[in-house]
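Coordinates from start_10.cif are shown below (mmCIF, C-alpha atoms).
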data_entry
#
loop_
_atom_site.label_atom_id
_atom_site.label_comp_id
_atom_site.auth_asym_id
_atom_site.auth_seq_id
_atom_site.Cartn_x
_atom_site.Cartn_y
_atom_site.Cartn_z
CA MET A 1 -48.25 65.84 -17.25
CA GLY A 2 -49.38 67.58 -14.10
CA MET A 3 -52.08 65.53 -12.44
CA GLY A 4 -52.83 68.43 -10.11
CA ARG A 5 -55.26 69.60 -12.81
CA GLY A 6 -58.82 69.03 -11.79
CA ALA A 7 -61.24 66.96 -13.82
CA GLY A 8 -63.40 69.37 -15.80
CA PRO A 9 -67.14 69.64 -15.35
CA SER A 10 -69.10 66.78 -16.88
CA ALA A 11 -70.10 67.37 -20.48
CA LEU A 12 -73.61 66.28 -19.64
CA GLY A 13 -73.70 67.78 -16.16
CA PHE A 14 -74.71 64.51 -14.55
CA TRP A 15 -73.23 64.99 -11.08
CA PRO A 16 -73.78 67.79 -8.59
CA THR A 17 -71.13 67.84 -5.89
CA PHE A 18 -73.33 66.28 -3.25
CA ALA A 19 -74.13 63.16 -5.26
CA PHE A 20 -71.02 61.25 -4.33
CA LEU A 21 -71.65 61.91 -0.64
CA LEU A 22 -74.26 59.20 -0.96
CA CYS A 23 -71.50 56.59 -1.05
CA SER A 24 -69.79 57.87 2.07
CA PHE A 25 -72.23 56.09 4.36
CA PRO A 26 -73.48 52.50 4.48
CA ALA A 27 -76.64 52.15 2.40
CA ALA A 28 -79.55 49.78 2.68
CA ILE A 29 -79.23 46.60 0.62
CA SER A 30 -81.66 46.79 -2.32
CA SER A 31 -82.63 45.10 -5.58
CA CYS A 32 -82.08 48.07 -7.88
CA LYS A 33 -82.92 47.25 -11.53
CA ILE A 34 -81.11 50.15 -13.17
CA LEU A 35 -78.86 47.82 -15.18
CA LYS A 36 -81.98 46.36 -16.80
CA CYS A 37 -83.23 49.86 -17.69
CA ASN A 38 -79.85 50.79 -19.16
CA SER A 39 -79.67 47.60 -21.20
CA GLU A 40 -83.18 48.02 -22.61
CA PHE A 41 -82.50 51.61 -23.68
CA TRP A 42 -79.19 50.63 -25.27
CA SER A 43 -80.86 47.80 -27.21
CA ALA A 44 -83.73 50.02 -28.33
CA THR A 45 -81.50 52.78 -29.67
CA ALA A 46 -78.60 50.67 -31.03
CA GLY A 47 -76.34 52.54 -28.62
CA SER A 48 -76.79 55.91 -30.32
CA HIS A 49 -77.22 59.13 -28.35
CA ALA A 50 -77.28 61.17 -31.58
CA PRO A 51 -80.05 59.73 -33.81
CA ALA A 52 -80.75 60.83 -37.37
CA PRO A 53 -83.52 63.45 -37.74
CA ASP A 54 -85.97 60.85 -39.08
CA ASP A 55 -85.49 58.77 -35.94
CA ALA A 56 -86.00 61.62 -33.45
CA PRO A 57 -89.65 60.74 -32.56
CA GLU A 58 -88.70 57.12 -31.90
CA PHE A 59 -85.62 58.18 -29.93
CA CYS A 60 -87.80 60.40 -27.73
CA ALA A 61 -90.19 57.49 -27.20
CA ALA A 62 -87.24 55.35 -26.11
CA LEU A 63 -86.15 58.08 -23.67
CA ARG A 64 -89.65 58.24 -22.17
CA THR A 65 -89.62 54.45 -21.79
CA TYR A 66 -86.20 54.70 -20.16
CA ALA A 67 -87.47 57.38 -17.76
CA LEU A 68 -90.51 55.26 -16.89
CA CYS A 69 -88.25 52.29 -16.14
CA THR A 70 -86.11 54.40 -13.78
CA ARG A 71 -89.20 55.69 -11.97
CA ARG A 72 -90.45 52.16 -11.43
CA THR A 73 -87.19 51.14 -9.78
CA ALA A 74 -86.58 54.43 -7.95
CA ARG A 75 -87.60 53.11 -4.54
CA THR A 76 -84.99 50.32 -4.57
CA CYS A 77 -82.26 52.46 -6.19
CA ARG A 78 -81.99 55.21 -3.58
CA GLY A 79 -78.29 55.96 -3.14
CA ASP A 80 -77.27 53.95 -6.23
CA LEU A 81 -74.68 55.89 -8.25
CA ALA A 82 -75.58 54.36 -11.63
CA TYR A 83 -79.27 55.14 -11.04
CA HIS A 84 -78.66 58.82 -10.32
CA SER A 85 -76.35 59.07 -13.32
CA ALA A 86 -79.06 57.59 -15.56
CA VAL A 87 -81.75 59.97 -14.26
CA HIS A 88 -79.61 63.04 -14.93
CA GLY A 89 -78.55 61.64 -18.30
CA ILE A 90 -82.15 61.15 -19.41
CA GLU A 91 -83.02 64.73 -18.48
CA ASP A 92 -80.03 66.01 -20.44
CA LEU A 93 -80.79 63.95 -23.55
CA MET A 94 -84.46 64.92 -23.53
CA SER A 95 -83.45 68.57 -23.40
CA GLN A 96 -80.87 68.15 -26.19
CA HIS A 97 -83.38 66.52 -28.54
CA ASN A 98 -86.41 68.63 -27.56
CA CYS A 99 -88.32 65.59 -26.33
CA SER A 100 -91.52 66.22 -24.39
CA LYS A 101 -92.11 64.29 -21.20
CA ASP A 102 -95.60 63.39 -22.38
CA GLY A 103 -96.02 61.10 -25.36
CA PRO A 104 -95.78 57.49 -26.52
CA THR A 105 -93.43 55.17 -24.66
CA SER A 106 -93.37 52.24 -27.07
CA GLN A 107 -89.93 50.80 -27.80
CA PRO A 108 -88.49 52.20 -31.07
CA HIS A 109 -86.84 50.14 -33.79
CA LEU A 110 -84.02 52.29 -35.05
CA ARG A 111 -81.73 51.08 -37.77
CA THR A 112 -78.49 49.63 -36.41
CA LEU A 113 -75.72 52.20 -36.49
CA PRO A 114 -72.08 51.30 -37.11
CA PRO A 115 -69.71 51.57 -34.15
CA PRO A 116 -67.94 54.90 -33.79
CA PRO A 117 -64.62 55.13 -35.64
CA GLY A 118 -61.67 53.86 -33.66
CA ASP A 119 -63.80 52.03 -31.10
CA SER A 120 -61.90 48.80 -31.72
CA GLN A 121 -58.41 50.24 -31.92
CA GLU A 122 -56.31 53.05 -30.52
CA ARG A 123 -56.44 56.29 -32.53
CA SER A 124 -52.94 57.17 -33.67
CA ASP A 125 -53.63 60.89 -33.28
CA SER A 126 -55.01 60.62 -29.75
CA PRO A 127 -53.78 63.62 -27.69
CA GLU A 128 -50.64 62.97 -25.66
CA ILE A 129 -52.43 64.23 -22.55
CA CYS A 130 -54.66 61.14 -22.87
CA HIS A 131 -51.74 58.74 -22.36
CA TYR A 132 -50.30 59.08 -18.87
CA GLU A 133 -47.10 57.13 -19.41
CA LYS A 134 -46.20 58.80 -22.72
CA SER A 135 -46.53 62.20 -21.07
CA PHE A 136 -43.61 61.32 -18.79
CA HIS A 137 -40.98 61.34 -21.54
CA ASN A 138 -39.96 64.89 -20.62
CA ARG A 139 -39.80 64.17 -16.90
CA ALA A 140 -36.85 62.83 -14.94
CA ALA A 141 -38.68 60.19 -12.90
CA ALA A 142 -41.07 57.52 -14.11
CA PRO A 143 -44.43 57.25 -12.34
CA ASN A 144 -44.58 55.20 -9.14
CA TYR A 145 -47.49 52.76 -9.17
CA THR A 146 -49.48 51.44 -6.22
CA HIS A 147 -52.01 48.64 -5.82
CA CYS A 148 -55.25 48.13 -3.89
CA GLY A 149 -57.38 45.00 -3.78
CA LEU A 150 -60.58 43.76 -2.15
CA PHE A 151 -61.70 40.13 -2.09
CA GLY A 152 -63.36 37.47 0.01
CA ASP A 153 -64.80 38.19 3.45
CA PRO A 154 -63.79 41.05 2.50
CA HIS A 155 -60.04 41.34 2.88
CA LEU A 156 -58.53 44.69 1.96
CA ARG A 157 -55.00 45.40 0.76
CA THR A 158 -54.48 49.15 0.80
CA PHE A 159 -52.31 51.34 -1.42
CA THR A 160 -49.70 51.26 1.38
CA ASP A 161 -49.71 47.42 1.53
CA ARG A 162 -51.59 47.13 4.79
CA PHE A 163 -53.78 44.00 4.97
CA GLN A 164 -57.07 44.03 6.87
CA THR A 165 -60.16 41.90 7.27
CA CYS A 166 -63.28 44.02 7.62
CA LYS A 167 -67.04 43.86 8.08
CA VAL A 168 -68.02 47.08 6.21
CA GLN A 169 -71.58 45.94 5.52
CA GLY A 170 -73.51 48.16 3.13
CA ALA A 171 -72.05 50.70 0.69
CA TRP A 172 -68.51 52.01 1.20
CA PRO A 173 -66.14 54.08 -0.97
CA LEU A 174 -62.91 52.34 -1.95
CA ILE A 175 -61.50 55.21 -4.03
CA ASP A 176 -62.51 58.87 -4.20
CA ASN A 177 -60.19 61.22 -6.07
CA ASN A 178 -60.38 63.87 -8.80
CA TYR A 179 -60.55 61.30 -11.60
CA LEU A 180 -62.21 58.20 -10.26
CA ASN A 181 -64.80 57.06 -7.71
CA VAL A 182 -65.23 53.42 -6.69
CA GLN A 183 -67.96 52.21 -4.35
CA VAL A 184 -68.58 48.65 -3.14
CA THR A 185 -71.65 47.18 -1.47
CA ASN A 186 -71.05 44.24 0.88
CA THR A 187 -73.76 41.86 2.05
CA PRO A 188 -73.74 39.16 4.77
CA VAL A 189 -72.46 35.82 3.51
CA LEU A 190 -74.80 33.92 5.84
CA PRO A 191 -77.81 35.05 7.90
CA GLY A 192 -76.76 36.31 11.30
CA SER A 193 -73.07 36.43 10.37
CA ALA A 194 -70.77 39.44 10.58
CA ALA A 195 -68.82 38.03 7.62
CA THR A 196 -69.67 39.94 4.43
CA ALA A 197 -68.60 39.81 0.78
CA THR A 198 -68.89 42.22 -2.15
CA SER A 199 -72.17 41.92 -4.05
CA LYS A 200 -72.11 45.19 -6.02
CA LEU A 201 -69.42 47.43 -7.49
CA THR A 202 -69.83 50.90 -9.03
CA ILE A 203 -67.01 52.78 -10.76
CA ILE A 204 -67.33 56.36 -12.01
CA PHE A 205 -64.73 57.65 -14.46
CA LYS A 206 -65.08 61.43 -14.37
CA ASN A 207 -65.20 63.62 -17.46
CA PHE A 208 -61.62 64.61 -18.34
CA GLN A 209 -60.55 67.29 -20.82
CA GLU A 210 -60.45 66.07 -24.45
CA CYS A 211 -59.97 62.45 -23.38
CA VAL A 212 -63.14 60.92 -21.96
CA ASP A 213 -66.74 61.65 -21.11
CA GLN A 214 -68.04 60.60 -17.73
CA LYS A 215 -68.59 56.84 -17.71
CA VAL A 216 -70.21 54.58 -15.13
CA TYR A 217 -69.46 50.88 -14.74
CA GLN A 218 -71.60 48.75 -12.46
CA ALA A 219 -71.38 45.04 -11.67
CA GLU A 220 -73.60 42.94 -9.43
CA MET A 221 -73.82 39.32 -8.35
CA ASP A 222 -74.43 37.19 -11.47
CA GLU A 223 -74.09 40.24 -13.72
CA LEU A 224 -70.57 41.25 -14.80
CA PRO A 225 -71.12 43.47 -17.86
CA ALA A 226 -68.54 43.83 -20.61
CA ALA A 227 -69.60 47.46 -21.18
CA PHE A 228 -70.28 50.66 -19.30
CA ALA A 229 -73.78 51.48 -18.07
CA ASP A 230 -74.64 53.26 -21.34
CA GLY A 231 -73.61 50.20 -23.37
CA SER A 232 -70.38 51.69 -24.70
CA LYS A 233 -66.94 50.12 -24.35
CA ASN A 234 -64.77 53.23 -24.51
CA GLY A 235 -64.64 56.81 -23.21
CA GLY A 236 -67.29 58.32 -25.49
CA ASP A 237 -67.07 60.72 -28.43
CA LYS A 238 -64.02 62.77 -27.52
CA HIS A 239 -60.79 62.71 -29.49
CA GLY A 240 -59.00 60.59 -26.89
CA ALA A 241 -61.96 58.33 -26.12
CA ASN A 242 -59.96 55.14 -26.52
CA SER A 243 -57.76 56.05 -23.59
CA LEU A 244 -60.58 54.42 -21.58
CA LYS A 245 -61.49 50.92 -22.69
CA ILE A 246 -63.20 47.89 -21.20
CA THR A 247 -62.25 44.35 -22.21
CA GLU A 248 -63.97 41.10 -21.33
CA LYS A 249 -61.31 38.51 -20.53
CA VAL A 250 -63.63 35.66 -19.49
CA SER A 251 -67.35 35.98 -20.14
CA GLY A 252 -69.25 36.65 -16.92
CA GLN A 253 -66.11 36.14 -14.80
CA HIS A 254 -63.31 38.58 -15.60
CA VAL A 255 -63.34 42.17 -16.91
CA GLU A 256 -60.39 44.53 -17.30
CA ILE A 257 -60.68 48.31 -17.63
CA GLN A 258 -57.75 50.34 -18.97
CA ALA A 259 -57.79 54.07 -18.18
CA LYS A 260 -54.58 55.12 -19.95
CA TYR A 261 -55.23 58.83 -19.45
CA ILE A 262 -54.65 58.32 -15.70
CA GLY A 263 -52.29 55.34 -16.00
CA THR A 264 -54.77 53.07 -14.25
CA THR A 265 -55.74 49.41 -14.72
CA ILE A 266 -58.74 47.87 -12.96
CA VAL A 267 -59.59 44.17 -12.75
CA VAL A 268 -63.09 43.06 -11.72
CA ARG A 269 -63.90 39.37 -11.26
CA GLN A 270 -66.91 37.34 -10.25
CA VAL A 271 -65.86 34.30 -8.23
CA GLY A 272 -68.74 32.14 -7.09
CA GLY A 273 -71.51 34.51 -6.04
CA TYR A 274 -69.33 37.51 -5.17
CA LEU A 275 -67.07 40.13 -6.75
CA THR A 276 -63.39 40.95 -6.37
CA PHE A 277 -61.65 44.23 -7.21
CA ALA A 278 -58.02 45.09 -7.95
CA VAL A 279 -56.43 48.30 -9.24
CA ARG A 280 -53.02 49.57 -10.32
CA MET A 281 -52.79 53.36 -10.03
CA PRO A 282 -50.00 55.98 -10.00
CA GLU A 283 -49.38 57.59 -6.60
CA GLU A 284 -49.92 60.97 -8.25
CA VAL A 285 -53.48 59.96 -9.13
CA VAL A 286 -54.05 58.31 -5.73
CA ASN A 287 -53.21 61.62 -4.04
CA ALA A 288 -55.18 63.83 -6.43
CA VAL A 289 -57.89 64.89 -4.00
CA GLU A 290 -59.28 68.35 -3.37
CA ASP A 291 -60.23 67.79 0.26
CA ARG A 292 -57.53 65.82 2.06
CA ASP A 293 -59.56 65.91 5.27
CA SER A 294 -62.11 63.57 3.66
CA GLN A 295 -59.58 60.85 2.90
CA GLY A 296 -60.56 58.90 5.99
CA LEU A 297 -63.57 57.62 4.04
CA TYR A 298 -61.36 56.30 1.24
CA LEU A 299 -60.74 52.65 2.20
CA CYS A 300 -58.00 51.87 -0.33
CA LEU A 301 -55.96 54.74 1.10
CA ARG A 302 -56.72 54.70 4.82
CA GLY A 303 -58.03 51.20 5.45
CA CYS A 304 -61.18 50.22 7.30
CA PRO A 305 -62.31 52.11 10.41
CA LEU A 306 -61.24 50.40 13.60
CA ASN A 307 -64.82 49.50 14.53
CA GLN A 308 -65.21 47.72 11.16
CA GLN A 309 -62.07 45.58 11.46
CA ILE A 310 -62.42 41.97 12.55
CA ASP A 311 -60.26 41.48 15.64
CA PHE A 312 -59.57 37.81 16.34
CA GLN A 313 -57.93 38.70 19.64
CA ALA A 314 -61.26 39.97 20.96
CA PHE A 315 -63.02 36.80 19.77
CA ARG A 316 -60.44 34.66 21.54
CA ALA A 317 -60.77 36.64 24.76
CA GLY A 318 -64.55 36.36 24.64
CA ALA A 319 -64.43 32.63 24.02
CA GLU A 320 -62.04 32.07 26.93
CA SER A 321 -63.99 34.16 29.45
CA PRO A 322 -65.70 32.30 32.31
CA GLY A 323 -69.04 30.86 31.32
CA ALA A 324 -68.51 31.44 27.60
CA HIS A 325 -69.83 28.76 25.25
CA GLY A 326 -68.23 29.10 21.81
CA LEU A 327 -67.37 32.26 19.96
CA PRO A 328 -68.72 35.66 21.00
CA ALA A 329 -71.88 37.01 19.41
CA ALA A 330 -69.87 39.45 17.29
CA SER A 331 -67.85 36.62 15.74
CA PRO A 332 -67.75 36.39 11.96
CA ALA A 333 -68.48 32.67 12.25
CA PRO A 334 -71.83 31.78 10.62
CA SER A 335 -74.81 30.25 12.33
CA ALA A 336 -74.93 27.50 9.70
CA PRO A 337 -73.10 24.27 10.71
CA ASP A 338 -71.83 23.22 7.25
CA THR A 339 -68.39 24.88 7.41
CA PHE A 340 -65.09 23.13 6.78
CA PRO A 341 -63.09 21.50 9.56
CA TYR A 342 -59.83 23.35 10.11
CA GLU A 343 -57.67 20.59 8.59
CA THR A 344 -59.85 20.46 5.46
CA ALA A 345 -59.77 24.24 5.04
CA VAL A 346 -55.97 24.21 5.34
CA ALA A 347 -55.65 21.43 2.76
CA LYS A 348 -57.93 23.12 0.23
CA CYS A 349 -56.15 26.46 0.54
CA LYS A 350 -52.74 24.78 0.25
CA GLU A 351 -53.76 23.40 -3.14
CA LYS A 352 -54.09 26.88 -4.63
CA LEU A 353 -51.88 28.93 -2.31
CA PRO A 354 -48.75 26.98 -1.33
CA VAL A 355 -47.06 30.03 0.25
CA GLU A 356 -48.43 30.57 3.77
CA ASP A 357 -48.82 34.32 3.45
CA LEU A 358 -51.82 36.46 4.37
CA TYR A 359 -53.68 35.43 1.20
CA TYR A 360 -53.39 31.81 2.28
CA GLN A 361 -54.50 32.69 5.81
CA ALA A 362 -57.41 34.74 4.43
CA CYS A 363 -58.46 31.71 2.41
CA VAL A 364 -58.47 29.48 5.51
CA PHE A 365 -60.42 32.06 7.48
CA ASP A 366 -63.05 32.39 4.72
CA LEU A 367 -63.57 28.64 4.46
CA LEU A 368 -63.96 28.38 8.25
CA THR A 369 -66.46 31.22 8.44
CA THR A 370 -68.51 30.59 5.26
CA GLY A 371 -68.13 26.98 4.20
CA ASP A 372 -68.02 28.24 0.59
CA VAL A 373 -65.14 26.68 -1.37
CA ASN A 374 -65.33 29.50 -3.95
CA PHE A 375 -63.52 31.74 -1.47
CA THR A 376 -60.42 29.64 -2.16
CA LEU A 377 -60.48 30.87 -5.76
CA ALA A 378 -61.18 34.43 -4.62
CA ALA A 379 -57.94 34.46 -2.61
CA TYR A 380 -56.04 32.74 -5.44
CA TYR A 381 -57.16 35.26 -8.09
CA ALA A 382 -56.56 38.17 -5.72
CA LEU A 383 -52.93 37.09 -5.43
CA GLU A 384 -52.71 36.57 -9.21
CA ASP A 385 -53.94 40.13 -9.70
CA VAL A 386 -51.28 41.38 -7.28
CA LYS A 387 -48.65 39.61 -9.39
CA MET A 388 -49.94 41.37 -12.49
CA LEU A 389 -50.59 44.84 -11.01
CA HIS A 390 -48.14 45.45 -8.16
CA SER A 391 -45.03 47.36 -9.23
CA ASN A 392 -42.79 45.95 -6.47
CA LYS A 393 -42.26 42.23 -7.00
CA ASP A 394 -40.66 41.96 -3.55
CA LYS A 395 -44.01 42.81 -1.95
CA LEU A 396 -46.26 40.28 -3.68
CA HIS A 397 -46.60 38.23 -0.50
CA LEU A 398 -47.48 39.76 2.85
CA TYR A 399 -46.81 37.91 6.10
CA GLU A 400 -46.92 38.89 9.77
CA ARG A 401 -46.46 42.63 9.50
CA THR A 402 -48.92 44.26 11.90
CA ARG A 403 -48.09 47.94 11.64
CA GLU A 404 -47.10 50.36 8.95
CA PRO A 405 -43.28 50.77 8.69
CA PRO A 406 -42.15 54.18 10.03
CA GLY A 407 -42.00 56.81 7.34
CA ARG A 408 -43.96 54.77 4.77
CA ALA A 409 -46.99 57.07 4.79
CA ALA A 410 -44.84 60.19 4.80
CA ALA A 411 -42.75 58.89 1.91
CA ALA A 412 -45.89 58.37 -0.13
CA GLY A 413 -47.11 61.87 0.69
CA LEU A 414 -50.03 60.52 2.71
CA PRO A 415 -51.17 61.54 6.18
CA PRO A 416 -50.48 58.96 8.90
CA ALA A 417 -53.17 56.30 9.12
CA PRO A 418 -55.26 56.74 12.27
CA TRP A 419 -56.14 53.06 12.60
CA PRO A 420 -53.53 50.41 13.52
CA LEU A 421 -53.45 47.34 11.31
CA LEU A 422 -54.64 44.36 13.27
CA GLY A 423 -52.61 41.18 13.17
CA SER A 424 -55.84 39.22 13.25
CA LEU A 425 -55.03 36.65 10.61
CA LEU A 426 -52.02 35.51 12.64
CA LEU A 427 -54.37 33.84 15.13
CA LEU A 428 -55.84 31.43 12.58
CA PRO A 429 -54.18 28.39 14.21
CA LEU A 430 -56.27 29.09 17.32
CA LEU A 431 -59.59 28.90 15.44
CA PRO A 432 -59.85 25.08 15.52
CA VAL A 433 -59.68 25.19 19.32
CA LEU A 434 -62.39 27.82 19.43
CA LEU A 435 -64.59 25.97 16.98
CA GLU A 436 -64.28 22.73 18.94
CA ALA A 437 -65.46 24.59 22.02
CA THR A 438 -68.81 25.41 20.39
#

Translate this file's structure into structure tokens.
Amino acid sequence: MGMGRGAGPSALGFWPTFAFLLCSFPAAISSCKILKCNSEFWSATAGSHAPAPDDAPEFCAALRTYALCTRRTARTCRGDLAYHSAVHGIEDLMSQHNCSKDGPTSQPHLRTLPPPPGDSQERSDSPEICHYEKSFHNRAAAPNYTHCGLFGDPHLRTFTDRFQTCKVQGAWPLIDNNYLNVQVTNTPVLPGSAATATSKLTIIFKNFQECVDQKVYQAEMDELPAAFADGSKNGGDKHGANSLKITEKVSGQHVEIQAKYIGTTIVVRQVGGYLTFAVRMPEEVVNAVEDRDSQGLYLCLRGCPLNQQIDFQAFRAGAESPGAHGLPAASPAPSAPDTFPYETAVAKCKEKLPVEDLYYQACVFDLLTTGDVNFTLAAYYALEDVKMLHSNKDKLHLYERTREPPGRAAAAGLPPAPWPLLGSLLLLPLLPVLLEAT
């Protein structure tokens, strides 16, 4: 199976090329209500995008109501990927069903339609091209899988096993290749703090041959859906639709998405008030990009820009400078006083993370900077996801490595990373001294 093939044009033509550029730059934090619009339309039409002829007038009314809902939330959804997908989808469906833009907008009451055949189980005649691993039976080497994860403050583990703590406030792309786009939005944990955590996640699975239609998944704080934005749980109406499936593991807390056609597994969790993300993806898919010069914006591959990384060495130097009182202004430490003492943070993290690796140190850092005990669970589940998704069991735990091993990037077929990995978490033992100085 040659993954050099490009994803075909979307069956519904939702996405002009420039649309995804919106996620390449930090966006303003907003209260976009597009998930509510999507849910209402799905409920009103029983999930059908192909109504019976007798239901066409009511279906058109539902589309007009859907369009009105998107217009009402347009101001707060600027730059939101799911919103733009919905707008283009409405236009396409109205054209397909000859719906006029003017007319009644009352909610329809269509009869409930049965789920599409095979939605609950794998189709035995699904095309081989829609199962990445099966397609390797004629090839000498099995696929090599990589892992990327984002959790907590946020802490980023890249596809090349670099570990960083970043600010990255606003909207940032985690993954951007020919098959998949992932964007996260990070918001400050406390007012006036540089520490942020993930409050929104958008995943776009691009239209792919006879396997899947384009699908959008979006999660927000306190809303972890068990379905895609259109209400479906698989890849659409194509023959290999079940090569993309979403499964709810724990209601409102844990969702898993299997994209077998690209050999990819994604885990999304809500821990406390924030989201975590983890992915297992073949290197061939990771590197399937048309414009390699744009990979610097792809955080899972290249890491966070240097000016977005949290450098504890700079905080220490600022705190020790003559006349300094406490941590520097750029410190991730919050203005609120109700954080954990260092000894308490260490004890709580030890309960869940007995190995003193970078996940343990990230846990301690998050408790010191936020005072939110839920960040202990975020680090714990992030490590559990690594255990499930990482292909190299010798690399589950990361310790004091501060730079990429020579030849690692070249061996993976990636350009050298332009930003050095900071050994910031190694200075955690110094934080109690700095905090006592405040």

For this session: For atom CA of Ala378 of chain A and atom CA of Lys215 of chain A, determine how far apart the two atoms are, in Å to one decimal place.
Result: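 Separation of atom CA of Ala378 of chain A and atom CA of Lys215 of chain A: 27.0 Å.
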
Exercise. Atom CA of Thr65 of chain A and atom CA of Gln214 of chain A are how many Å apart?
Worked result: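 Interatomic distance, atom CA of Thr65 of chain A to atom CA of Gln214 of chain A: 22.8 Å.
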
Problem set entry | Resolved residues for the PyMOL selection byres ((chain A and resi 256-261) around 10) as a ChimeraX atom specification | /A:127-135,179-180,205,208,211-212,217,226-227,233-235,240-250,254-255,262-269,278-281

What lies within 9 Å of Thr73 of chain A using only C-alpha atoms, ignoring chain neighbours under 2 positions off, as an mmCIF file with C-alpha atoms, in the coordinates of the input?
data_model
loop_
_atom_site.group_PDB
_atom_site.id
_atom_site.type_symbol
_atom_site.label_atom_id
_atom_site.label_comp_id
_atom_site.auth_asym_id
_atom_site.auth_seq_id
_atom_site.Cartn_x
_atom_site.Cartn_y
_atom_site.Cartn_z
ATOM 1 C CA SER A 31 -82.630 45.100 -5.580
ATOM 2 C CA CYS A 32 -82.080 48.070 -7.880
ATOM 3 C CA LYS A 33 -82.920 47.250 -11.530
ATOM 4 C CA ILE A 34 -81.110 50.150 -13.170
ATOM 5 C CA CYS A 37 -83.230 49.860 -17.690
ATOM 6 C CA LEU A 68 -90.510 55.260 -16.890
ATOM 7 C CA CYS A 69 -88.250 52.290 -16.140
ATOM 8 C CA THR A 70 -86.110 54.400 -13.780
ATOM 9 C CA ARG A 71 -89.200 55.690 -11.970
ATOM 10 C CA ARG A 75 -87.600 53.110 -4.540
ATOM 11 C CA THR A 76 -84.990 50.320 -4.570
ATOM 12 C CA CYS A 77 -82.260 52.460 -6.190
ATOM 13 C CA TYR A 83 -79.270 55.140 -11.040
#

Seminar exercise, completed: Students should find that atom CA of Val355 of chain A and atom CA of Ala197 of chain A are spaced 23.7 Å

Exercise. Pick the closest to Phe340 of chain A from A:Phe365, A:Phe41, A:Phe159, A:Phe59: which is it, counting all atoms listed in the file?
Worked result: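 Comparing A:Phe365, A:Phe41, A:Phe159, A:Phe59 against Phe340 of chain A, the winner is A:Phe365.
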
For this session: Between A:Pro191, A:Gly236, A:Gly371, A:Gly231, single out the one closest to Lys206 of chain A, counting all atoms listed in the file.
Result: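 Smallest distance to Lys206 of chain A is found for A:Gly236.
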
For this session: Neighbourhood query: residues within 12 Å of (-64.8, 36.5, -6.8), file coordinates, counting all atoms listed in the file; return as a ChimeraX atom specification.
Result: /A:149-155,197-201,219-222,224,252-255,267-278,372-383,385

For this session: Within 7 Å of (-94.4, 56.6, -25.9) (coordinates as in the file), grab all the protein and nucleic acid residues, counting all atoms listed in the file, and write them out as a PyMOL selection string.
Result: chain A and resi 61+64-65+103-106

Write the residues you've just listed into a file as a PDB file, in the coordinates of the input, and include C-alpha atoms for each of them.
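And here's again27.pdb as it stands now:
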ATOM      1  CA  ALA A  61     -90.190  57.490 -27.200  1.00  0.00           C
ATOM      2  CA  ARG A  64     -89.650  58.240 -22.170  1.00  0.00           C
ATOM      3  CA  THR A  65     -89.620  54.450 -21.790  1.00  0.00           C
ATOM      4  CA  GLY A 103     -96.020  61.100 -25.360  1.00  0.00           C
ATOM      5  CA  PRO A 104     -95.780  57.490 -26.520  1.00  0.00           C
ATOM      6  CA  THR A 105     -93.430  55.170 -24.660  1.00  0.00           C
ATOM      7  CA  SER A 106     -93.370  52.240 -27.070  1.00  0.00           C
TER       8      SER A 106
END

Which residues, named as in the file, does the PyMOL selection byres ((chain A and resi 303-308) around 8) pick out? Answer as a PDB file with C-alpha atoms, in the frame of the given file.
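Written out: expr_20.pdb:
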ATOM      1  CA  LEU A 156     -58.530  44.690   1.960  1.00  0.00           C
ATOM      2  CA  THR A 158     -54.480  49.150   0.800  1.00  0.00           C
ATOM      3  CA  ARG A 162     -51.590  47.130   4.790  1.00  0.00           C
ATOM      4  CA  GLN A 164     -57.070  44.030   6.870  1.00  0.00           C
ATOM      5  CA  CYS A 166     -63.280  44.020   7.620  1.00  0.00           C
ATOM      6  CA  LYS A 167     -67.040  43.860   8.080  1.00  0.00           C
ATOM      7  CA  VAL A 168     -68.020  47.080   6.210  1.00  0.00           C
ATOM      8  CA  TYR A 298     -61.360  56.300   1.240  1.00  0.00           C
ATOM      9  CA  LEU A 299     -60.740  52.650   2.200  1.00  0.00           C
ATOM     10  CA  CYS A 300     -58.000  51.870  -0.330  1.00  0.00           C
ATOM     11  CA  LEU A 301     -55.960  54.740   1.100  1.00  0.00           C
ATOM     12  CA  ARG A 302     -56.720  54.700   4.820  1.00  0.00           C
ATOM     13  CA  GLN A 309     -62.070  45.580  11.460  1.00  0.00           C
ATOM     14  CA  ILE A 310     -62.420  41.970  12.550  1.00  0.00           C
ATOM     15  CA  ALA A 417     -53.170  56.300   9.120  1.00  0.00           C
ATOM     16  CA  TRP A 419     -56.140  53.060  12.600  1.00  0.00           C
ATOM     17  CA  PRO A 420     -53.530  50.410  13.520  1.00  0.00           C
TER      18      PRO A 420
END

For this session: Find the residues around His397 of chain A up to 10 Å (only C-alpha atoms counted), leave out those fewer than 6 positions away in its own chain, and share them as a PyMOL selection string.
Result: chain A and resi 161+355-360+383+386-387

For this session: Give me the residues within 6 Å of Pro282 of chain A as number ranges by chain, counting only C-alpha atoms and dropping any in the same chain fewer than 5 places off.
Result: A: 144-146

Exercise. Which residue out of A:Ala86, A:Val346, A:Val285, A:Ala362 has the minimum interatomic distance to Tyr399 of chain A when all atoms listed in the file are used?
Worked result: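 Of all the options, A:Ala362 lies closest to Tyr399 of chain A.
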